[in-house]
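Q: One file is attached below, entry_30.tsv, containing TSV, C-alpha atoms.
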chain	number	residue	atom	x	y	z
A	195	MET	CA	76.25	78.97	91.85
A	196	LYS	CA	79.81	78.39	93.05
A	197	LYS	CA	80.66	74.74	93.62
A	198	ILE	CA	84.42	74.57	93.12
A	199	ILE	CA	86.41	76.50	95.72
A	200	THR	CA	89.97	77.42	94.82
A	201	ILE	CA	92.21	78.83	97.53
A	202	SER	CA	95.45	80.66	96.78
A	203	ARG	CA	97.46	81.62	99.82
A	204	GLU	CA	100.52	83.24	101.27
A	205	PHE	CA	102.74	80.77	103.11
A	206	GLY	CA	101.74	80.74	106.78
A	207	SER	CA	98.42	82.51	106.30
A	208	GLY	CA	96.39	79.41	107.13
A	209	GLY	CA	95.12	78.75	103.59
A	210	HIS	CA	95.58	75.00	103.92
A	211	SER	CA	93.68	74.93	107.25
A	212	LEU	CA	90.97	77.15	105.78
A	213	GLY	CA	90.55	74.79	102.84
A	214	GLU	CA	90.28	71.77	105.14
A	215	LEU	CA	87.76	73.56	107.32
A	216	VAL	CA	85.56	74.51	104.36
A	217	ALA	CA	85.72	70.99	102.92
A	218	LYS	CA	84.73	69.57	106.31
A	219	LYS	CA	81.83	72.00	106.76
A	220	LEU	CA	80.53	71.20	103.27
A	221	ASN	CA	81.47	67.54	103.33
A	222	ILE	CA	83.22	67.74	99.95
A	223	PRO	CA	86.71	66.54	98.87
A	224	PHE	CA	89.78	68.62	99.69
A	225	TYR	CA	92.82	68.63	97.39
A	226	ASP	CA	96.27	69.86	98.32
A	227	GLN	CA	98.88	67.14	98.87
A	228	GLU	CA	96.58	64.73	96.99
A	229	LEU	CA	97.19	66.75	93.80
A	230	ILE	CA	100.88	65.96	94.10
A	231	GLU	CA	100.18	62.25	94.52
A	232	ARG	CA	98.09	62.28	91.37
A	233	ALA	CA	100.81	64.16	89.48
A	234	VAL	CA	103.37	61.57	90.63
A	235	GLU	CA	101.18	58.82	89.17
A	236	LYS	CA	100.51	60.73	85.97
A	237	THR	CA	104.03	61.89	85.15
A	238	GLY	CA	106.30	59.35	86.77
A	239	PHE	CA	108.40	62.17	88.28
A	240	SER	CA	109.35	61.86	91.94
A	241	ARG	CA	107.23	63.44	94.66
A	242	GLU	CA	110.15	65.70	95.63
A	243	PHE	CA	110.65	66.98	92.11
A	244	ILE	CA	106.96	67.69	91.68
A	245	GLN	CA	106.85	69.55	94.97
A	246	GLU	CA	109.77	71.63	93.84
A	247	ALA	CA	108.28	72.24	90.41
A	248	GLY	CA	105.02	73.30	92.02
A	249	GLU	CA	105.42	76.15	94.39
A	250	TYR	CA	107.40	74.35	97.03
A	251	ALA	CA	110.86	74.80	95.56
A	252	SER	CA	113.32	75.54	98.32
A	253	SER	CA	115.32	77.99	96.26
A	254	THR	CA	113.78	80.86	94.34
A	255	SER	CA	116.84	81.49	92.27
A	256	LYS	CA	116.90	77.82	91.27
A	257	LEU	CA	113.27	77.98	90.20
A	258	LEU	CA	113.89	81.23	88.36
A	259	PHE	CA	116.86	79.68	86.62
A	260	ASN	CA	114.82	76.65	85.63
A	261	MET	CA	111.96	78.80	84.43
A	262	THR	CA	114.34	80.74	82.24
A	263	LEU	CA	115.55	77.41	80.93
A	264	SER	CA	111.93	76.42	80.51
A	265	SER	CA	111.30	79.48	78.32
A	266	ALA	CA	114.40	78.63	76.34
A	267	TYR	CA	113.13	75.08	75.81
A	268	SER	CA	109.71	76.23	74.74
A	269	SER	CA	111.21	78.76	72.33
A	270	VAL	CA	112.56	75.79	70.39
A	271	GLY	CA	109.30	73.89	70.79
A	272	LEU	CA	110.36	71.53	73.58
A	273	PRO	CA	108.46	71.56	76.87
A	274	SER	CA	110.74	71.51	79.91
A	275	ASN	CA	110.07	69.12	82.79
A	276	TYR	CA	108.58	72.09	84.66
A	277	ASP	CA	106.11	72.74	81.88
A	278	LYS	CA	105.29	69.04	81.69
A	279	ILE	CA	104.44	69.00	85.38
A	280	TYR	CA	102.42	72.19	85.10
A	281	SER	CA	100.53	70.71	82.19
A	282	ALA	CA	99.92	67.41	84.05
A	283	GLN	CA	98.67	69.35	87.09
A	284	ASN	CA	96.34	71.31	84.80
A	285	SER	CA	94.69	68.16	83.49
A	286	ILE	CA	94.41	66.75	87.02
A	287	ILE	CA	92.79	69.96	88.30
A	288	LYS	CA	90.38	70.06	85.38
A	289	SER	CA	89.35	66.44	85.81
A	290	ILE	CA	88.94	66.84	89.59
A	291	ALA	CA	86.63	69.81	88.98
A	292	GLU	CA	84.60	67.65	86.57
A	293	GLU	CA	84.05	65.10	89.35
A	294	GLY	CA	81.96	67.57	91.38
A	295	PRO	CA	82.14	70.11	94.21
A	296	CYS	CA	85.52	70.31	95.97
A	297	VAL	CA	88.16	72.57	97.51
A	298	ILE	CA	91.51	72.93	95.70
A	299	VAL	CA	94.48	74.67	97.31
A	300	GLY	CA	97.28	76.30	95.29
A	301	ARG	CA	98.74	75.49	91.89
A	302	CYS	CA	97.04	78.38	90.04
A	303	ALA	CA	93.74	76.46	90.14
A	304	ASP	CA	91.88	79.79	89.88
A	305	TYR	CA	93.57	80.39	86.54
A	306	VAL	CA	93.45	76.80	85.31
A	307	LEU	CA	89.66	76.74	85.86
A	308	ARG	CA	89.04	80.28	84.59
A	309	ASP	CA	86.56	79.16	81.94
A	310	ARG	CA	84.22	77.55	84.47
A	311	GLU	CA	81.40	79.70	85.84
A	312	ASP	CA	81.05	77.66	89.03
A	313	CYS	CA	84.40	78.48	90.66
A	314	LEU	CA	84.78	80.66	93.71
A	315	ASN	CA	88.35	81.95	93.85
A	316	VAL	CA	89.66	83.07	97.21
A	317	PHE	CA	93.05	84.54	98.14
A	318	VAL	CA	94.25	84.26	101.73
A	319	TYR	CA	97.02	86.31	103.35
A	320	ALA	CA	97.99	87.71	106.74
A	321	ASP	CA	100.38	90.05	108.48
A	322	LYS	CA	103.98	88.93	108.94
A	323	GLU	CA	103.64	88.29	112.70
A	324	TYR	CA	100.62	86.04	112.23
A	325	ARG	CA	102.36	84.11	109.46
A	326	LYS	CA	105.58	83.63	111.43
A	327	LYS	CA	103.64	82.22	114.38
A	328	HIS	CA	101.61	79.94	112.14
A	329	VAL	CA	104.66	78.62	110.25
A	330	LEU	CA	106.56	77.89	113.47
A	331	GLU	CA	103.57	76.04	114.93
A	332	ARG	CA	102.96	74.06	111.78
A	333	TYR	CA	106.43	73.34	110.40
A	334	GLY	CA	108.77	74.15	113.28
A	335	GLU	CA	112.04	76.06	113.12
A	336	ASP	CA	114.58	75.74	110.33
A	337	LEU	CA	117.98	76.04	111.94
A	338	LYS	CA	119.64	77.07	108.70
A	339	LYS	CA	117.23	79.82	107.77
A	340	SER	CA	115.49	82.62	109.67
A	341	ILE	CA	111.72	82.68	109.65
A	342	GLU	CA	111.77	86.07	107.87
A	343	LYS	CA	113.92	84.60	105.13
A	344	ARG	CA	111.58	81.60	104.72
A	345	LEU	CA	108.54	83.85	104.31
A	346	GLU	CA	110.35	86.14	101.90
A	347	GLU	CA	111.53	83.27	99.71
A	348	LYS	CA	108.11	81.65	99.54
A	349	ASP	CA	106.42	84.95	98.67
A	350	LYS	CA	108.91	85.60	95.91
A	351	LYS	CA	108.59	82.09	94.53
A	352	ARG	CA	104.81	81.90	94.54
A	353	SER	CA	104.55	85.32	93.00
A	354	LEU	CA	107.03	84.33	90.29
A	355	TYR	CA	105.31	81.01	89.62
A	356	TYR	CA	101.89	82.66	89.30
A	357	LYS	CA	103.22	85.42	87.04
A	358	HIS	CA	105.08	82.93	84.87
A	359	TYR	CA	102.09	80.69	84.23
A	360	THR	CA	99.19	83.17	84.28
A	361	GLY	CA	100.76	86.50	83.27
A	362	MET	CA	98.89	88.12	86.17
A	363	ASP	CA	99.92	89.49	89.57
A	364	TRP	CA	99.69	87.06	92.46
A	365	GLY	CA	97.59	88.59	95.23
A	366	ASP	CA	95.97	91.28	93.07
A	367	SER	CA	92.43	91.18	94.41
A	368	ARG	CA	90.91	91.38	90.95
A	369	ASN	CA	92.09	87.84	90.15
A	370	TYR	CA	89.85	86.44	92.92
A	371	HIS	CA	86.22	86.77	94.04
A	372	PHE	CA	87.20	87.76	97.50
A	373	THR	CA	90.34	87.90	99.58
A	374	VAL	CA	90.84	87.80	103.34
A	375	ASN	CA	93.49	88.68	105.86
A	376	THR	CA	93.04	85.67	108.12
A	377	GLY	CA	94.65	87.44	111.08
A	378	VAL	CA	91.83	90.01	111.03
A	379	VAL	CA	88.89	88.01	109.68
A	380	GLY	CA	89.73	84.69	111.36
A	381	LEU	CA	89.72	81.21	109.82
A	382	GLU	CA	86.33	80.19	111.19
A	383	ARG	CA	84.60	83.31	109.90
A	384	ALA	CA	86.34	83.16	106.51
A	385	ALA	CA	85.21	79.52	106.22
A	386	ASN	CA	81.63	80.52	107.05
A	387	TRP	CA	81.68	83.22	104.37
A	388	ILE	CA	82.84	80.71	101.77
A	389	VAL	CA	80.14	78.24	102.86
A	390	GLU	CA	77.56	81.04	102.58
A	391	LEU	CA	78.55	81.70	98.95
A	392	PHE	CA	78.71	77.98	98.15
A	393	LYS	CA	75.17	77.49	99.40
A	394	GLU	CA	73.83	80.39	97.32
A	395	GLU	CA	71.80	79.06	94.42
B	288	MET	CA	88.02	96.06	117.39
B	289	LYS	CA	87.49	97.78	114.06
B	290	LYS	CA	85.51	101.01	114.30
B	291	ILE	CA	86.64	103.05	111.30
B	292	ILE	CA	85.69	101.50	107.96
B	293	THR	CA	87.65	102.68	104.92
B	294	ILE	CA	86.42	101.65	101.49
B	295	SER	CA	88.58	101.87	98.39
B	296	ARG	CA	86.81	101.02	95.18
B	297	GLU	CA	86.94	100.59	91.45
B	298	PHE	CA	84.69	103.04	89.63
B	299	GLY	CA	81.29	101.42	89.10
B	300	SER	CA	81.83	98.58	91.57
B	301	GLY	CA	79.27	99.94	94.03
B	302	GLY	CA	81.76	101.07	96.69
B	303	HIS	CA	79.83	104.27	97.39
B	304	SER	CA	76.54	102.37	97.78
B	305	LEU	CA	78.25	99.76	99.96
B	306	GLY	CA	79.63	102.49	102.22
B	307	GLU	CA	76.21	104.12	102.55
B	308	LEU	CA	74.60	100.77	103.31
B	309	VAL	CA	77.14	99.93	106.03
B	310	ALA	CA	76.81	103.39	107.60
B	311	LYS	CA	73.02	103.00	107.63
B	312	LYS	CA	73.14	99.52	109.16
B	313	LEU	CA	75.52	100.72	111.88
B	314	ASN	CA	73.98	104.16	112.25
B	315	ILE	CA	77.37	105.90	111.96
B	316	PRO	CA	78.47	108.84	109.75
B	317	PHE	CA	79.36	108.28	106.10
B	318	TYR	CA	82.00	110.41	104.36
B	319	ASP	CA	82.48	110.68	100.62
B	320	GLN	CA	81.31	113.95	99.03
B	321	GLU	CA	81.35	115.49	102.52
B	322	LEU	CA	85.16	115.15	102.56
B	323	ILE	CA	85.33	117.40	99.53
B	324	GLU	CA	83.10	120.02	101.19
B	325	ARG	CA	85.39	120.06	104.19
B	326	ALA	CA	88.46	120.37	101.96
B	327	VAL	CA	86.84	123.31	100.16
B	328	GLU	CA	86.37	125.05	103.50
B	329	LYS	CA	89.87	124.21	104.69
B	330	THR	CA	91.85	125.14	101.59
B	331	GLY	CA	89.78	127.78	99.85
B	332	PHE	CA	90.18	125.91	96.53
B	333	SER	CA	87.08	125.40	94.41
B	334	ARG	CA	85.02	122.23	94.67
B	335	GLU	CA	85.84	121.40	91.04
B	336	PHE	CA	89.57	121.73	91.53
B	337	ILE	CA	89.49	119.58	94.65
B	338	GLN	CA	87.48	116.93	92.88
B	339	GLU	CA	90.00	116.93	90.10
B	340	ALA	CA	92.94	116.83	92.50
B	341	GLY	CA	91.33	113.94	94.35
B	342	GLU	CA	90.63	111.01	92.13
B	343	TYR	CA	87.93	112.53	90.01
B	344	ALA	CA	90.11	114.22	87.39
B	345	SER	CA	88.58	113.84	83.96
B	346	SER	CA	91.91	113.46	82.26
B	347	THR	CA	94.58	111.04	83.42
B	348	SER	CA	97.32	112.63	81.40
B	349	LYS	CA	96.52	115.99	82.96
B	350	LEU	CA	96.76	114.52	86.43
B	351	LEU	CA	99.97	112.73	85.52
B	352	PHE	CA	101.37	115.97	84.15
B	353	ASN	CA	100.41	117.83	87.31
B	354	MET	CA	101.83	115.12	89.52
B	355	THR	CA	105.11	115.35	87.67
B	356	LEU	CA	104.97	119.08	88.24
B	357	SER	CA	104.13	118.35	91.83
B	358	SER	CA	107.29	116.26	92.19
B	359	ALA	CA	109.26	119.05	90.58
B	360	TYR	CA	107.82	121.56	93.05
B	361	SER	CA	108.58	119.39	96.02
B	362	SER	CA	112.12	118.78	94.83
B	363	VAL	CA	112.72	122.49	95.38
B	364	GLY	CA	110.83	122.42	98.65
B	365	LEU	CA	107.56	123.94	97.43
B	366	PRO	CA	104.36	121.92	97.80
B	367	SER	CA	102.19	122.01	94.68
B	368	ASN	CA	98.46	122.71	94.94
B	369	TYR	CA	97.91	118.97	94.52
B	370	ASP	CA	100.06	118.20	97.50
B	371	LYS	CA	98.36	120.95	99.50
B	372	ILE	CA	94.99	119.37	98.83
B	373	TYR	CA	96.27	115.89	99.62
B	374	SER	CA	97.69	117.19	102.86
B	375	ALA	CA	94.45	119.02	103.76
B	376	GLN	CA	92.46	115.86	103.03
B	377	ASN	CA	94.83	113.93	105.28
B	378	SER	CA	94.17	116.20	108.24
B	379	ILE	CA	90.44	116.08	107.58
B	380	ILE	CA	90.45	112.26	107.43
B	381	LYS	CA	92.51	112.01	110.61
B	382	SER	CA	90.28	114.40	112.51
B	383	ILE	CA	87.10	112.66	111.28
B	384	ALA	CA	88.50	109.34	112.55
B	385	GLU	CA	89.17	110.98	115.92
B	386	GLU	CA	85.49	111.92	116.17
B	387	GLY	CA	84.42	108.26	116.39
B	388	PRO	CA	83.19	105.31	114.31
B	389	CYS	CA	82.46	106.14	110.65
B	390	VAL	CA	82.72	104.97	107.05
B	391	ILE	CA	85.15	106.80	104.73
B	392	VAL	CA	85.18	106.20	100.97
B	393	GLY	CA	88.25	106.80	98.80
B	394	ARG	CA	91.15	109.26	99.12
B	395	CYS	CA	93.70	106.68	100.33
B	396	ALA	CA	92.04	106.72	103.78
B	397	ASP	CA	93.40	103.19	104.40
B	398	TYR	CA	96.92	104.58	104.03
B	399	VAL	CA	96.31	107.89	105.79
B	400	LEU	CA	95.02	106.03	108.86
B	401	ARG	CA	97.61	103.22	108.72
B	402	ASP	CA	98.86	103.88	112.26
B	403	ARG	CA	95.44	103.30	113.82
B	404	GLU	CA	94.66	99.79	115.04
B	405	ASP	CA	90.89	100.27	114.77
B	406	CYS	CA	90.56	100.60	110.99
B	407	LEU	CA	88.99	97.98	108.78
B	408	ASN	CA	90.21	98.50	105.23
B	409	VAL	CA	88.10	97.09	102.43
B	410	PHE	CA	88.68	97.12	98.66
B	411	VAL	CA	85.70	96.73	96.34
B	412	TYR	CA	85.83	95.77	92.66
B	413	ALA	CA	83.74	93.96	90.07
B	414	ASP	CA	83.80	92.55	86.58
B	415	LYS	CA	83.66	94.98	83.66
B	416	GLU	CA	80.05	94.12	82.73
B	417	TYR	CA	78.78	94.75	86.25
B	418	ARG	CA	80.66	98.05	86.44
B	419	LYS	CA	79.41	99.27	83.05
B	420	LYS	CA	75.81	98.60	84.05
B	421	HIS	CA	76.29	100.28	87.42
B	422	VAL	CA	77.95	103.39	85.94
B	423	LEU	CA	75.24	103.81	83.30
B	424	GLU	CA	72.50	103.48	85.92
B	425	ARG	CA	74.19	105.87	88.32
B	426	TYR	CA	75.78	108.50	86.08
B	427	GLY	CA	74.15	107.95	82.70
B	428	GLU	CA	75.84	107.94	79.30
B	429	ASP	CA	78.63	110.28	78.29
B	430	LEU	CA	78.08	111.09	74.64
B	431	LYS	CA	81.71	112.06	74.12
B	432	LYS	CA	83.26	108.97	75.65
B	433	SER	CA	82.54	105.25	75.50
B	434	ILE	CA	81.80	103.47	78.74
B	435	GLU	CA	84.92	101.27	78.27
B	436	LYS	CA	87.05	104.38	77.96
B	437	ARG	CA	85.54	105.91	81.10
B	438	LEU	CA	86.30	102.79	83.16
B	439	GLU	CA	89.81	102.52	81.76
B	440	GLU	CA	90.62	106.15	82.53
B	441	LYS	CA	89.30	105.97	86.08
B	442	ASP	CA	91.22	102.75	86.78
B	443	LYS	CA	94.42	104.26	85.48
B	444	LYS	CA	93.93	107.46	87.43
B	445	ARG	CA	93.05	105.88	90.77
B	446	SER	CA	95.89	103.44	90.44
B	447	LEU	CA	98.30	106.27	89.68
B	448	TYR	CA	97.00	108.45	92.51
B	449	TYR	CA	97.33	105.62	95.03
B	450	LYS	CA	100.81	104.70	93.85
B	451	HIS	CA	101.94	108.31	93.90
B	452	TYR	CA	100.84	108.99	97.46
B	453	THR	CA	101.32	105.60	99.12
B	454	GLY	CA	104.05	103.90	97.06
B	455	MET	CA	101.89	100.75	97.02
B	456	ASP	CA	99.81	98.98	94.41
B	457	TRP	CA	96.13	99.92	94.29
B	458	GLY	CA	94.00	96.81	94.55
B	459	ASP	CA	96.76	94.54	95.89
B	460	SER	CA	94.81	92.56	98.49
B	461	ARG	CA	97.58	92.83	101.06
B	462	ASN	CA	96.89	96.56	101.49
B	463	TYR	CA	93.38	95.79	102.81
B	464	HIS	CA	91.81	93.49	105.41
B	465	PHE	CA	89.48	91.98	102.92
B	466	THR	CA	88.40	92.63	99.36
B	467	VAL	CA	85.22	91.71	97.51
B	468	ASN	CA	84.00	91.36	93.98
B	469	THR	CA	80.57	92.90	94.49
B	470	GLY	CA	79.17	91.22	91.37
B	471	VAL	CA	79.78	87.82	93.00
B	472	VAL	CA	79.42	88.56	96.71
B	473	GLY	CA	76.62	91.15	96.41
B	474	LEU	CA	76.36	94.52	98.16
B	475	GLU	CA	74.00	93.36	100.88
B	476	ARG	CA	76.19	90.39	101.86
B	477	ALA	CA	79.41	92.45	101.72
B	478	ALA	CA	77.76	95.02	103.99
B	479	ASN	CA	76.74	92.28	106.44
B	480	TRP	CA	80.31	90.95	106.53
B	481	ILE	CA	81.65	94.41	107.36
B	482	VAL	CA	79.00	94.86	110.06
B	483	GLU	CA	79.99	91.45	111.50
B	484	LEU	CA	83.63	92.54	111.83
B	485	PHE	CA	82.66	95.95	113.19
B	486	LYS	CA	80.60	94.32	115.95
B	487	GLU	CA	83.45	91.99	116.94
B	488	GLU	CA	84.92	93.11	120.24
If you convert what's in this file into structure tokens, what do you get?

A:
Amino acid sequence: MKKIITISREFGSGGHSLGELVAKKLNIPFYDQELIERAVEKTGFSREFIQEAGEYASSTSKLLFNMTLSSAYSSVGLPSNYDKIYSAQNSIIKSIAEEGPCVIVGRCADYVLRDREDCLNVFVYADKEYRKKHVLERYGEDLKKSIEKRLEEKDKKRSLYYKHYTGMDWGDSRNYHFTVNTGVVGLERAANWIVELFKEE
Amino acid sequence: MKKIITISREFGSGGHSLGELVAKKLNIPFYDQELIERAVEKTGFSREFIQEAGEYASSTSKLLFNMTLSSAYSSVGLPSNYDKIYSAQNSIIKSIAEEGPCVIVGRCADYVLRDREDCLNVFVYADKEYRKKHVLERYGEDLKKSIEKRLEEKDKKRSLYYKHYTGMDWGDSRNYHFTVNTGVVGLERAANWIVELFKEE
């Protein structure tokens, strides 16, 4: 019986849209940006900083640098601001899952909720061409950075973030219950598959 | 339009059974052991040697040793027997795919057929408990080796084989179109999903 759906996703693969679609089909809450709002309330950090500390940082090297700092802090027993935010997000995710069925996108929710038996963990990805098209449609062009560069940086960052906090490889199928290439499977079909598993008793 | 189904699988995850089920539902040929028979005919090597050279070697270290030898051979321009078998299997897989729709299990078929647009590549895995049960039911106990050890060796070997011949990570979702944990999704449902994609025009 899988009642909590976690969706991890490559940037531009349609993971956010898939999550929304599933939540709509099942009429259950959907958490993505809302998680950040709750973390702002809980920690007092700014929205921008929390976005950066999550997986939205605009510079991988900066995040890497801060994570190294974070390890240095924790080696002397002091949590860094990054670890504080991660820890606040953990409690938020756990308490959201306690409230009942829902869809949660990103933030290592699959790992955070690993002790629950009722989670369905899905990883969503797509070919480069599909992702480029999707990113341009959704976020528009970035005049300072090529679309290839934006994808590459996000991949690197999310992979690093996941590895840092879970010790596992981001995108390795064995960390999820199923994974889909949305360009081949399609968002509508992937959503139906998730609904099918959710409805299984 | 996906007409050639390749299935890569963790030992004991039910990948062979899934392939058979899909082939039966679609009434198309199924290739697993049959690939070995064709390689025996093509190369003149014994069935046992080909099984070992494929991913069925009973000793990882032996395969690793031979692969190192194989690299040494190829560095002086001589293909080793392992590479000869891999190359023969490649031609067999390519010519089978030319014959029409089919299901092919194992042997890096996803990679061998990477230039075809009509392949659906699936990776199948499951939790350790599911796999142990499945292996014991299908192959029985091995008095000399614990079931944990058997799973561990096969995982290591298949991962090594895939990496050696494709340069990619075995089980990384992005090498496949979708991946399923058969313990959670179930063989019947996974087969229906594949059939759904096969029937898509």

Q: At most 9 Å is the cut-off: for each residue in chain A with any atom that close to an atom of chain B, write down the nearest atom pair and the distance in Å rounded to one decimal, counting all atoms listed in the file, chain first then increasing number, as CSV.

A:
residue,atom,partner,partner_atom,distance
A:Leu314,CA,B:Val471,CA,8.8
A:Phe317,CA,B:Ser460,CA,8.2
A:Val318,CA,B:Ser460,CA,8.9
A:Tyr319,CA,B:Arg461,CA,6.9
A:Ala320,CA,B:Arg461,CA,7.7
A:Asp321,CA,B:Arg461,CA,8.4
A:Asp363,CA,B:Asp459,CA,8.7
A:Trp364,CA,B:Asp459,CA,8.7
A:Gly365,CA,B:Ser460,CA,5.8
A:Asp366,CA,B:Asp459,CA,4.4
A:Ser367,CA,B:Ser460,CA,4.9
A:Arg368,CA,B:Tyr412,CA,6.9
A:Tyr370,CA,B:Asn468,CA,7.7
A:His371,CA,B:Asn468,CA,5.1
A:Phe372,CA,B:Val467,CA,4.4
A:Thr373,CA,B:Thr466,CA,5.1
A:Val374,CA,B:Phe465,CA,4.4
A:Asn375,CA,B:His464,CA,5.1
A:Thr376,CA,B:His464,CA,8.4
A:Gly377,CA,B:His464,CA,8.8
A:Val378,CA,B:His464,CA,6.6
A:Val379,CA,B:Leu484,CA,7.3
A:Trp387,CA,B:Trp480,CA,8.1
A:Leu391,CA,B:Val472,CA,7.3

Q: Those residues you just picked out, can you put them in a file as a PDB file, in the coordinates of the input with C-alpha atoms?

A:
ATOM      1  CA  LEU A 314      84.780  80.660  93.710  1.00  0.00           C
ATOM      2  CA  PHE A 317      93.050  84.540  98.140  1.00  0.00           C
ATOM      3  CA  VAL A 318      94.250  84.260 101.730  1.00  0.00           C
ATOM      4  CA  TYR A 319      97.020  86.310 103.350  1.00  0.00           C
ATOM      5  CA  ALA A 320      97.990  87.710 106.740  1.00  0.00           C
ATOM      6  CA  ASP A 321     100.380  90.050 108.480  1.00  0.00           C
ATOM      7  CA  ASP A 363      99.920  89.490  89.570  1.00  0.00           C
ATOM      8  CA  TRP A 364      99.690  87.060  92.460  1.00  0.00           C
ATOM      9  CA  GLY A 365      97.590  88.590  95.230  1.00  0.00           C
ATOM     10  CA  ASP A 366      95.970  91.280  93.070  1.00  0.00           C
ATOM     11  CA  SER A 367      92.430  91.180  94.410  1.00  0.00           C
ATOM     12  CA  ARG A 368      90.910  91.380  90.950  1.00  0.00           C
ATOM     13  CA  TYR A 370      89.850  86.440  92.920  1.00  0.00           C
ATOM     14  CA  HIS A 371      86.220  86.770  94.040  1.00  0.00           C
ATOM     15  CA  PHE A 372      87.200  87.760  97.500  1.00  0.00           C
ATOM     16  CA  THR A 373      90.340  87.900  99.580  1.00  0.00           C
ATOM     17  CA  VAL A 374      90.840  87.800 103.340  1.00  0.00           C
ATOM     18  CA  ASN A 375      93.490  88.680 105.860  1.00  0.00           C
ATOM     19  CA  THR A 376      93.040  85.670 108.120  1.00  0.00           C
ATOM     20  CA  GLY A 377      94.650  87.440 111.080  1.00  0.00           C
ATOM     21  CA  VAL A 378      91.830  90.010 111.030  1.00  0.00           C
ATOM     22  CA  VAL A 379      88.890  88.010 109.680  1.00  0.00           C
ATOM     23  CA  TRP A 387      81.680  83.220 104.370  1.00  0.00           C
ATOM     24  CA  LEU A 391      78.550  81.700  98.950  1.00  0.00           C
TER      25      LEU A 391
END

Q: Rounded to one decimal, what separation in Å do you get between atom CA of B:Ile391 and atom CA of B:Phe332?

A: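 Answer for the atom CA of B:Ile391 to atom CA of B:Phe332 separation: 21.4 Å.
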
Q: Go ahead and find all residues with at least one atom no further than 12 Å from (104.4, 61.3, 86.9) in the file's coordinates, using all atoms listed in the file; report them as number ranges by chain.

A: A: 229-245, 275-276, 278-283, 286

Q: So what do you get for atom CA of B:Glu435 versus atom CA of B:Lys415, distance-wise?

A: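 Interatomic distance, atom CA of B:Glu435 to atom CA of B:Lys415: 8.4 Å.
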
Q: Separation of atom CA of B:Lys419 and atom CA of B:Cys395, in Å?

A: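 Value for the atom CA of B:Lys419-atom CA of B:Cys395 distance: 23.6 Å.
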
Q: Please list as a ChimeraX atom specification every residue within 9 Å of A:Glu382, counting all atoms listed in the file and excluding residues in the same chain fewer than 5 positions away.

A: /A:212,215-216,387

Q: Could you check which residues have any atom within 6 Å of (88.7, 72.8, 85.3), counting only C-alpha atoms with coordinates taken straight from the file, and then list them as JSON, numbers by chain?

A: {"A": [287, 288, 291, 307]}

Q: Atoms are missing here; could stretch 302-314 of chain A be completed with N, CA and C atoms and written as a PDB file, in the frame of the given file?

A:
ATOM      1  N   CYS A 302      97.716  77.528  91.030  1.00  0.00           N
ATOM      2  CA  CYS A 302      97.040  78.380  90.040  1.00  0.00           C
ATOM      3  C   CYS A 302      95.693  77.820  89.627  1.00  0.00           C
ATOM      4  N   ALA A 303      95.014  77.082  90.517  1.00  0.00           N
ATOM      5  CA  ALA A 303      93.740  76.460  90.140  1.00  0.00           C
ATOM      6  C   ALA A 303      92.717  77.512  89.697  1.00  0.00           C
ATOM      7  N   ASP A 304      92.780  78.702  90.296  1.00  0.00           N
ATOM      8  CA  ASP A 304      91.880  79.790  89.880  1.00  0.00           C
ATOM      9  C   ASP A 304      92.032  80.075  88.391  1.00  0.00           C
ATOM     10  N   TYR A 305      93.280  80.088  87.942  1.00  0.00           N
ATOM     11  CA  TYR A 305      93.570  80.390  86.540  1.00  0.00           C
ATOM     12  C   TYR A 305      93.258  79.196  85.634  1.00  0.00           C
ATOM     13  N   VAL A 306      93.660  78.012  86.109  1.00  0.00           N
ATOM     14  CA  VAL A 306      93.450  76.800  85.310  1.00  0.00           C
ATOM     15  C   VAL A 306      91.949  76.607  85.014  1.00  0.00           C
ATOM     16  N   LEU A 307      91.107  76.960  86.007  1.00  0.00           N
ATOM     17  CA  LEU A 307      89.660  76.740  85.860  1.00  0.00           C
ATOM     18  C   LEU A 307      88.917  78.007  85.450  1.00  0.00           C
ATOM     19  N   ARG A 308      89.638  78.971  84.860  1.00  0.00           N
ATOM     20  CA  ARG A 308      89.040  80.280  84.590  1.00  0.00           C
ATOM     21  C   ARG A 308      87.833  80.257  83.661  1.00  0.00           C
ATOM     22  N   ASP A 309      87.693  79.206  82.857  1.00  0.00           N
ATOM     23  CA  ASP A 309      86.560  79.160  81.940  1.00  0.00           C
ATOM     24  C   ASP A 309      85.283  78.592  82.572  1.00  0.00           C
ATOM     25  N   ARG A 310      85.403  78.076  83.787  1.00  0.00           N
ATOM     26  CA  ARG A 310      84.220  77.550  84.470  1.00  0.00           C
ATOM     27  C   ARG A 310      83.503  78.691  85.196  1.00  0.00           C
ATOM     28  N   GLU A 311      82.181  78.647  85.178  1.00  0.00           N
ATOM     29  CA  GLU A 311      81.400  79.700  85.840  1.00  0.00           C
ATOM     30  C   GLU A 311      81.151  79.368  87.319  1.00  0.00           C
ATOM     31  N   ASP A 312      81.427  78.106  87.682  1.00  0.00           N
ATOM     32  CA  ASP A 312      81.050  77.660  89.030  1.00  0.00           C
ATOM     33  C   ASP A 312      82.199  77.659  90.036  1.00  0.00           C
ATOM     34  N   CYS A 313      83.273  78.419  89.723  1.00  0.00           N
ATOM     35  CA  CYS A 313      84.400  78.480  90.660  1.00  0.00           C
ATOM     36  C   CYS A 313      84.318  79.717  91.544  1.00  0.00           C
ATOM     37  N   LEU A 314      84.623  79.529  92.802  1.00  0.00           N
ATOM     38  CA  LEU A 314      84.780  80.660  93.710  1.00  0.00           C
ATOM     39  C   LEU A 314      86.255  80.732  94.049  1.00  0.00           C
TER      40      LEU A 314
END
